[in-house]
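Source file: entry.txt; contents: compact mmCIF, C-alpha atoms.
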# COMPACT_ATOMS: atom_id res chain seq x y z
CA MET A 1 -109.37 -15.85 11.31
CA ASN A 2 -106.31 -14.65 13.23
CA ASN A 3 -106.92 -11.30 14.97
CA GLU A 4 -103.52 -11.08 16.63
CA ILE A 5 -102.53 -7.50 17.44
CA ILE A 6 -99.03 -6.36 16.41
CA GLU A 7 -97.45 -3.26 17.97
CA VAL A 8 -95.42 -1.09 15.58
CA LYS A 9 -93.51 2.09 16.36
CA ARG A 10 -94.74 5.12 14.41
CA ASP A 11 -91.24 6.02 13.21
CA ASP A 12 -90.72 2.49 11.90
CA LEU A 13 -94.03 2.63 10.05
CA ARG A 14 -93.19 6.01 8.50
CA GLU A 15 -89.82 4.70 7.37
CA LEU A 16 -91.48 1.66 5.86
CA TYR A 17 -93.96 3.89 4.04
CA GLN A 18 -91.17 5.98 2.55
CA VAL A 19 -89.37 2.88 1.31
CA LEU A 20 -92.42 1.11 -0.14
CA THR A 21 -93.70 4.18 -1.98
CA ASN A 22 -90.40 4.53 -3.80
CA TYR A 23 -91.81 2.48 -6.70
CA PRO A 24 -90.46 1.25 -9.14
CA ALA A 25 -86.98 1.61 -7.64
CA ILE A 26 -87.71 -0.92 -4.89
CA SER A 27 -87.50 -4.64 -5.60
CA LYS A 28 -89.67 -7.47 -4.28
CA GLU A 29 -86.77 -8.64 -2.11
CA GLN A 30 -86.43 -5.17 -0.61
CA VAL A 31 -90.15 -5.10 0.18
CA LYS A 32 -89.84 -8.41 2.02
CA ASN A 33 -86.78 -7.25 3.94
CA GLU A 34 -88.41 -3.98 4.98
CA MET A 35 -91.62 -5.69 6.08
CA HIS A 36 -89.63 -8.23 8.08
CA LYS A 37 -87.60 -5.45 9.70
CA VAL A 38 -90.69 -3.60 10.93
CA PHE A 39 -93.14 -6.41 11.70
CA GLY A 40 -90.75 -9.30 12.32
CA GLU A 41 -90.10 -12.23 9.99
CA ASP A 42 -92.26 -14.60 12.06
CA THR A 43 -95.32 -12.43 11.34
CA PHE A 44 -95.28 -13.47 7.70
CA LYS A 45 -94.51 -17.13 8.18
CA PRO A 46 -97.40 -19.54 7.46
CA LYS A 47 -98.88 -20.85 10.71
CA ASP A 48 -99.11 -24.40 9.35
CA ILE A 49 -95.77 -26.21 9.73
CA MET A 50 -96.47 -28.19 6.54
CA GLU A 51 -96.54 -24.90 4.64
CA ARG A 52 -93.28 -23.77 6.22
CA VAL A 53 -91.35 -27.01 5.76
CA LYS A 54 -91.48 -28.25 2.18
CA THR A 55 -87.78 -28.96 1.68
CA PHE A 56 -84.84 -30.15 3.76
CA GLU A 57 -83.45 -26.61 3.63
CA ASP A 58 -86.74 -25.31 5.07
CA ALA A 59 -86.43 -27.74 7.97
CA CYS A 60 -82.88 -26.54 8.67
CA ARG A 61 -84.02 -22.92 8.68
CA GLU A 62 -86.91 -23.80 10.99
CA LEU A 63 -84.53 -25.28 13.58
CA GLY A 64 -81.71 -22.79 13.05
CA GLU A 65 -78.05 -23.37 12.27
CA ASP A 66 -77.16 -23.74 15.97
CA HIS A 67 -79.50 -26.68 16.55
CA PRO A 68 -77.48 -29.82 17.45
CA PHE A 69 -79.04 -31.87 14.63
CA VAL A 70 -78.27 -29.20 12.02
CA ARG A 71 -74.70 -28.84 13.28
CA ALA A 72 -74.24 -32.61 13.22
CA TYR A 73 -75.47 -32.85 9.63
CA ASN A 74 -73.31 -29.95 8.43
CA GLY A 75 -70.27 -31.36 10.17
CA TYR A 76 -70.71 -34.84 8.73
CA ALA A 77 -71.66 -33.70 5.22
CA SER A 78 -68.66 -31.40 4.96
CA ASN A 79 -66.24 -34.26 5.57
CA ILE A 80 -67.31 -36.79 2.94
CA HIS A 81 -67.07 -37.02 -0.81
CA GLU A 82 -70.30 -36.32 -2.70
CA ASP A 83 -69.98 -39.50 -4.75
CA ASN A 84 -69.54 -41.77 -1.72
CA LYS A 85 -72.66 -43.95 -2.00
CA ASN A 86 -71.81 -45.79 1.21
CA ASP A 87 -72.83 -42.68 3.16
CA THR A 88 -76.21 -42.18 1.45
CA ASP A 89 -78.26 -43.82 4.20
CA ILE A 90 -76.35 -42.01 6.96
CA LEU A 91 -76.89 -38.63 5.35
CA ALA A 92 -80.56 -39.49 4.81
CA TYR A 93 -80.99 -40.33 8.50
CA LEU A 94 -79.31 -37.09 9.55
CA LYS A 95 -81.68 -35.22 7.24
CA LEU A 96 -84.79 -37.09 8.41
CA ARG A 97 -84.23 -36.40 12.08
CA ILE A 98 -83.94 -32.68 11.24
CA ILE A 99 -87.13 -32.84 9.16
CA CYS A 100 -89.11 -34.77 11.79
CA THR A 101 -87.93 -32.48 14.58
CA ALA A 102 -88.96 -29.40 12.60
CA LEU A 103 -92.38 -30.86 11.76
CA ASN A 104 -92.97 -31.76 15.41
CA GLU A 105 -92.45 -28.11 16.48
CA GLY A 106 -90.91 -28.94 19.85
CA TRP A 107 -92.95 -32.08 20.59
CA GLU A 108 -90.86 -35.05 21.71
CA PRO A 109 -92.09 -38.58 22.49
CA GLN A 110 -92.28 -39.43 26.18
CA PHE A 111 -93.02 -43.15 25.61
CA THR A 112 -95.82 -43.21 28.14
CA GLU A 113 -98.45 -45.94 28.01
CA ASP A 114 -101.18 -43.69 26.59
CA GLU A 115 -99.00 -41.81 24.08
CA TRP A 116 -99.56 -42.19 20.34
CA ARG A 117 -96.64 -41.80 17.94
CA TYR A 118 -96.81 -41.93 14.17
CA TYR A 119 -94.42 -42.91 11.37
CA PRO A 120 -94.55 -42.86 7.58
CA TRP A 121 -95.43 -46.41 6.53
CA PHE A 122 -94.14 -47.88 3.28
CA ILE A 123 -94.66 -51.19 1.51
CA LEU A 124 -92.91 -52.83 -1.42
CA TRP A 125 -95.08 -54.00 -4.33
CA THR A 126 -93.92 -56.32 -7.09
CA GLU A 127 -94.99 -55.80 -10.70
CA ASP A 128 -97.19 -58.90 -10.51
CA GLU A 129 -98.97 -57.57 -7.42
CA LEU A 130 -99.45 -54.17 -9.00
CA SER A 131 -100.96 -55.66 -12.16
CA GLU A 132 -103.90 -56.83 -10.03
CA LYS A 133 -104.61 -53.31 -8.72
CA SER A 134 -106.98 -50.88 -10.40
CA ASP A 135 -105.80 -47.53 -11.78
CA GLU A 136 -108.01 -45.81 -9.21
CA TRP A 137 -106.24 -47.65 -6.40
CA LYS A 138 -102.83 -46.75 -7.82
CA THR A 139 -103.61 -43.04 -7.97
CA ASP A 140 -105.20 -42.87 -4.50
CA ARG A 141 -101.91 -42.08 -2.69
CA HIS A 142 -100.83 -45.72 -2.74
CA LEU A 143 -97.87 -45.34 -5.11
CA ILE A 144 -95.14 -42.76 -4.70
CA SER A 145 -92.12 -42.48 -6.96
CA THR A 146 -88.82 -43.25 -5.23
CA GLY A 147 -86.77 -41.49 -7.87
CA LYS A 148 -83.28 -42.95 -8.24
CA HIS A 149 -84.41 -46.15 -6.54
CA GLN A 150 -87.16 -46.83 -9.08
CA THR A 151 -86.75 -50.26 -10.69
CA GLY A 152 -89.31 -52.99 -11.23
CA TYR A 153 -90.97 -52.06 -7.94
CA ALA A 154 -92.94 -49.09 -6.64
CA GLY A 155 -92.72 -47.90 -3.08
CA LEU A 156 -90.22 -48.94 -0.44
CA ALA A 157 -89.96 -51.02 2.70
CA SER A 158 -87.74 -51.80 5.63
CA ALA A 159 -87.67 -55.58 5.95
CA GLY A 160 -86.29 -57.90 8.58
CA SER A 161 -86.11 -61.69 8.30
CA ASN A 162 -86.74 -64.25 11.01
CA SER A 163 -86.01 -67.81 9.88
CA ALA A 164 -87.54 -67.11 6.44
CA PRO A 165 -87.64 -64.06 4.16
CA SER A 166 -91.44 -64.22 4.05
CA LEU A 167 -91.68 -62.58 7.48
CA THR A 168 -91.17 -58.83 7.20
CA THR A 169 -91.50 -56.04 9.67
CA ALA A 170 -90.60 -52.34 9.74
CA TYR A 171 -88.98 -50.37 12.54
CA PHE A 172 -88.16 -46.70 12.90
CA GLY A 173 -86.00 -44.95 15.46
CA SER A 174 -87.73 -42.79 18.05
CA ARG A 175 -86.22 -39.65 16.57
CA LEU A 176 -88.21 -40.23 13.39
CA CYS A 177 -91.66 -40.46 14.98
CA LEU A 178 -94.19 -37.69 14.51
CA LYS A 179 -96.92 -36.30 16.72
CA SER A 180 -99.83 -36.85 14.31
CA ASN A 181 -101.01 -39.11 11.53
CA THR A 182 -101.32 -36.08 9.22
CA LEU A 183 -97.67 -35.16 9.71
CA ALA A 184 -96.56 -38.77 9.17
CA VAL A 185 -98.40 -38.99 5.83
CA TYR A 186 -97.06 -35.57 4.79
CA CYS A 187 -93.48 -36.42 5.79
CA GLY A 188 -93.56 -39.72 3.91
CA LYS A 189 -94.90 -38.21 0.71
CA GLN A 190 -93.11 -34.85 0.70
CA PHE A 191 -89.70 -36.33 1.51
CA ILE A 192 -90.06 -39.69 -0.23
CA ASN A 193 -86.65 -39.55 -1.92
CA ILE A 194 -84.88 -39.02 1.42
CA TRP A 195 -86.84 -41.90 2.96
CA ALA A 196 -85.83 -44.04 -0.03
CA ASP A 197 -82.17 -43.17 0.50
CA PHE A 198 -82.56 -44.16 4.15
CA CYS A 199 -84.38 -47.46 3.59
CA LEU A 200 -83.09 -48.71 0.25
CA ILE A 201 -79.76 -49.49 -1.40
CA ARG A 202 -79.39 -47.45 -4.55
CA LYS A 203 -78.72 -49.57 -7.62
CA LYS A 204 -75.23 -48.92 -9.00
Go ahead and express the file in the form of C-alpha cells.
Amino acid sequence: MNNEIIEVKRDDLRELYQVLTNYPAISKEQVKNEMHKVFGEDTFKPKDIMERVKTFEDACRELGEDHPFVRAYNGYASNIHEDNKNDTDILAYLKLRIICTALNEGWEPQFTEDEWRYYPWFILWTEDELSEKSDEWKTDRHLISTGKHQTGYAGLASAGSNSAPSLTTAYFGSRLCLKSNTLAVYCGKQFINIWADFCLIRKK
C-alpha cells in the first residue's frame, strides 16, 4: 500500500470543497480537473506503466509533445497521404519507438555484457501447422489476431533468408527493446496491429 504524503494548501482544499459540493451542477470532467489542479495530475496516474500506456496516444502523452520521437512522428505523419500504403511500415516504426520508450520509463540499453534486453517475439504459423495444435494451445496466448493482415496465417514474423528460404531469423532495432520480459509480452500483445504493420506487407 502506498502511504505517500501529499502537501496541500488549506485555501486550495477549501476551494476544491466548494467546487465539489456544488452537485449536481459540476460534471465528472470538472471534478477531474479540480482534483488535478489541487493534488497534481501525476497523483492520480496509475503507478504501473502498463495501466498508463494502453494506446499509442497514451504513449505520446507519457513522453510529452516535445519529446524528439513524438515530434518526429508528428512531423512525418503530417506530410504524407493517409492512403499511402508504402509508408505503413515507417509510420509503424515511428509509433513503436515511442511506445517502447514510454514503457521503458527512462531505461535505455547500455549493451554491456551482463545486460538483458527483451523484445516481443512472433512466429508465423501455416493452416496445416495450426490444424495439429489443440484448442487449449491456441487459446494460451499463442495466437493473436493481426487485424488487416489476417489471411490464411495467424501471427507474424520477420524472416531473413540465407541461401534457402527455410532459414529464418528475426531482428529488432535497439530502440525497440524493452527492459523486462513482462513489458515485451505486453507490448507485443497490446500493440499487435502496429507490430503487424511494421513486420508485414498489407495485402492490397
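Distance-wise, atom CA of A:Lys54 and atom CA of A:Asn79 end up 26.2 Å apart.
Atom pair atom CA of A:Tyr119 / atom CA of A:Cys177 has a distance of 5.2 Å (rounded to one decimal).
Selection around (-91.7, -36.6, 7.2) with radius 9 Å, counting all atoms listed in the file, yields the residues Leu96, Arg97, Ile99, Cys100, Leu103, Tyr119, Pro120, Leu176, Cys177, Leu178, Leu183, Ala184, Val185, Tyr186, Cys187, Gly188, Lys189, Gln190, Phe191, Ile192 and Trp195 of chain A.
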Computed gap from atom CA of A:Ile6 to atom CA of A:Asp42 is 11.5 Å
Across A:Lys133, A:Lys9, A:Arg52, A:Arg117, the smallest distance to A:Lys179, with only C-alpha atoms counted, is shown by A:Arg117
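Between A:Lys95 and the residues A:Ile123, A:Ala72, A:Leu16, A:Ile80, the shortest atom-to-atom distance, using only C-alpha atoms, involves A:Ala72.
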If you count all atoms listed in the file, the residue of A:Glu62, A:Glu41, A:Asp89, A:Asp12 closest to A:Cys199 turns out to be A:Asp89
Can you rebuild stretch 11-47 of chain A with N, CA and C atoms and give it as a CSV table (one decimal), keeping the file's coordinate frame?
chain,number,residue,atom,x,y,z
A,11,ASP,N,-92.4,5.7,14.0
A,11,ASP,CA,-91.2,6.0,13.2
A,11,ASP,C,-90.9,4.9,12.3
A,12,ASP,N,-91.0,3.6,12.8
A,12,ASP,CA,-90.7,2.5,11.9
A,12,ASP,C,-91.7,2.4,10.8
A,13,LEU,N,-93.0,2.7,11.1
A,13,LEU,CA,-94.0,2.6,10.0
A,13,LEU,C,-93.8,3.7,9.0
A,14,ARG,N,-93.5,4.9,9.4
A,14,ARG,CA,-93.2,6.0,8.5
A,14,ARG,C,-92.0,5.7,7.6
A,15,GLU,N,-91.0,5.1,8.2
A,15,GLU,CA,-89.8,4.7,7.4
A,15,GLU,C,-90.2,3.6,6.3
A,16,LEU,N,-91.0,2.7,6.8
A,16,LEU,CA,-91.5,1.7,5.9
A,16,LEU,C,-92.3,2.3,4.7
A,17,TYR,N,-93.1,3.2,5.0
A,17,TYR,CA,-94.0,3.9,4.0
A,17,TYR,C,-93.1,4.6,3.0
A,18,GLN,N,-92.1,5.3,3.5
A,18,GLN,CA,-91.2,6.0,2.6
A,18,GLN,C,-90.5,5.0,1.6
A,19,VAL,N,-90.1,3.9,2.1
A,19,VAL,CA,-89.4,2.9,1.3
A,19,VAL,C,-90.3,2.3,0.3
A,20,LEU,N,-91.5,1.8,0.7
A,20,LEU,CA,-92.4,1.1,-0.1
A,20,LEU,C,-93.0,2.0,-1.2
A,21,THR,N,-93.1,3.3,-1.0
A,21,THR,CA,-93.7,4.2,-2.0
A,21,THR,C,-92.7,4.7,-3.0
A,22,ASN,N,-91.5,4.2,-2.9
A,22,ASN,CA,-90.4,4.5,-3.8
A,22,ASN,C,-90.4,3.6,-5.0
A,23,TYR,N,-91.6,3.4,-5.5
A,23,TYR,CA,-91.8,2.5,-6.7
A,23,TYR,C,-91.5,3.3,-8.0
A,24,PRO,N,-90.8,2.7,-9.0
A,24,PRO,CA,-90.5,1.2,-9.1
A,24,PRO,C,-89.0,0.9,-8.7
A,25,ALA,N,-88.4,1.8,-8.0
A,25,ALA,CA,-87.0,1.6,-7.6
A,25,ALA,C,-86.8,0.4,-6.7
A,26,ILE,N,-87.8,0.1,-5.9
A,26,ILE,CA,-87.7,-0.9,-4.9
A,26,ILE,C,-88.0,-2.3,-5.5
A,27,SER,N,-87.3,-3.3,-5.1
A,27,SER,CA,-87.5,-4.6,-5.6
A,27,SER,C,-88.4,-5.4,-4.6
A,28,LYS,N,-88.9,-6.6,-5.1
A,28,LYS,CA,-89.7,-7.5,-4.3
A,28,LYS,C,-88.9,-7.9,-3.1
A,29,GLU,N,-87.6,-8.2,-3.2
A,29,GLU,CA,-86.8,-8.6,-2.1
A,29,GLU,C,-86.6,-7.5,-1.1
A,30,GLN,N,-86.5,-6.3,-1.5
A,30,GLN,CA,-86.4,-5.2,-0.6
A,30,GLN,C,-87.7,-5.0,0.2
A,31,VAL,N,-88.9,-5.2,-0.5
A,31,VAL,CA,-90.2,-5.1,0.2
A,31,VAL,C,-90.2,-6.1,1.3
A,32,LYS,N,-89.8,-7.4,1.0
A,32,LYS,CA,-89.8,-8.4,2.0
A,32,LYS,C,-88.9,-8.1,3.2
A,33,ASN,N,-87.7,-7.6,2.9
A,33,ASN,CA,-86.8,-7.2,3.9
A,33,ASN,C,-87.3,-6.1,4.8
A,34,GLU,N,-87.9,-5.1,4.2
A,34,GLU,CA,-88.4,-4.0,5.0
A,34,GLU,C,-89.6,-4.4,5.8
A,35,MET,N,-90.5,-5.2,5.3
A,35,MET,CA,-91.6,-5.7,6.1
A,35,MET,C,-91.2,-6.6,7.2
A,36,HIS,N,-90.2,-7.4,7.0
A,36,HIS,CA,-89.6,-8.2,8.1
A,36,HIS,C,-89.0,-7.4,9.2
A,37,LYS,N,-88.3,-6.3,8.8
A,37,LYS,CA,-87.6,-5.4,9.7
A,37,LYS,C,-88.6,-4.8,10.6
A,38,VAL,N,-89.7,-4.3,10.1
A,38,VAL,CA,-90.7,-3.6,10.9
A,38,VAL,C,-91.6,-4.5,11.7
A,39,PHE,N,-92.1,-5.6,11.1
A,39,PHE,CA,-93.1,-6.4,11.7
A,39,PHE,C,-92.6,-7.7,12.3
A,40,GLY,N,-91.3,-8.0,11.9
A,40,GLY,CA,-90.8,-9.3,12.3
A,40,GLY,C,-91.0,-10.4,11.3
A,41,GLU,N,-90.0,-11.2,11.0
A,41,GLU,CA,-90.1,-12.2,10.0
A,41,GLU,C,-91.2,-13.3,10.3
A,42,ASP,N,-91.3,-13.6,11.6
A,42,ASP,CA,-92.3,-14.6,12.1
A,42,ASP,C,-93.7,-14.2,11.7
A,43,THR,N,-94.0,-12.9,11.6
A,43,THR,CA,-95.3,-12.4,11.3
A,43,THR,C,-95.8,-12.9,10.0
A,44,PHE,N,-94.9,-13.1,9.1
A,44,PHE,CA,-95.3,-13.5,7.7
A,44,PHE,C,-95.1,-15.0,7.4
A,45,LYS,N,-94.6,-15.7,8.4
A,45,LYS,CA,-94.5,-17.1,8.2
A,45,LYS,C,-95.9,-17.8,8.2
A,46,PRO,N,-96.1,-18.8,7.4
A,46,PRO,CA,-97.4,-19.5,7.5
A,46,PRO,C,-97.5,-20.2,8.8
A,47,LYS,N,-98.7,-20.2,9.4
A,47,LYS,CA,-98.9,-20.8,10.7
A,47,LYS,C,-98.7,-22.4,10.6
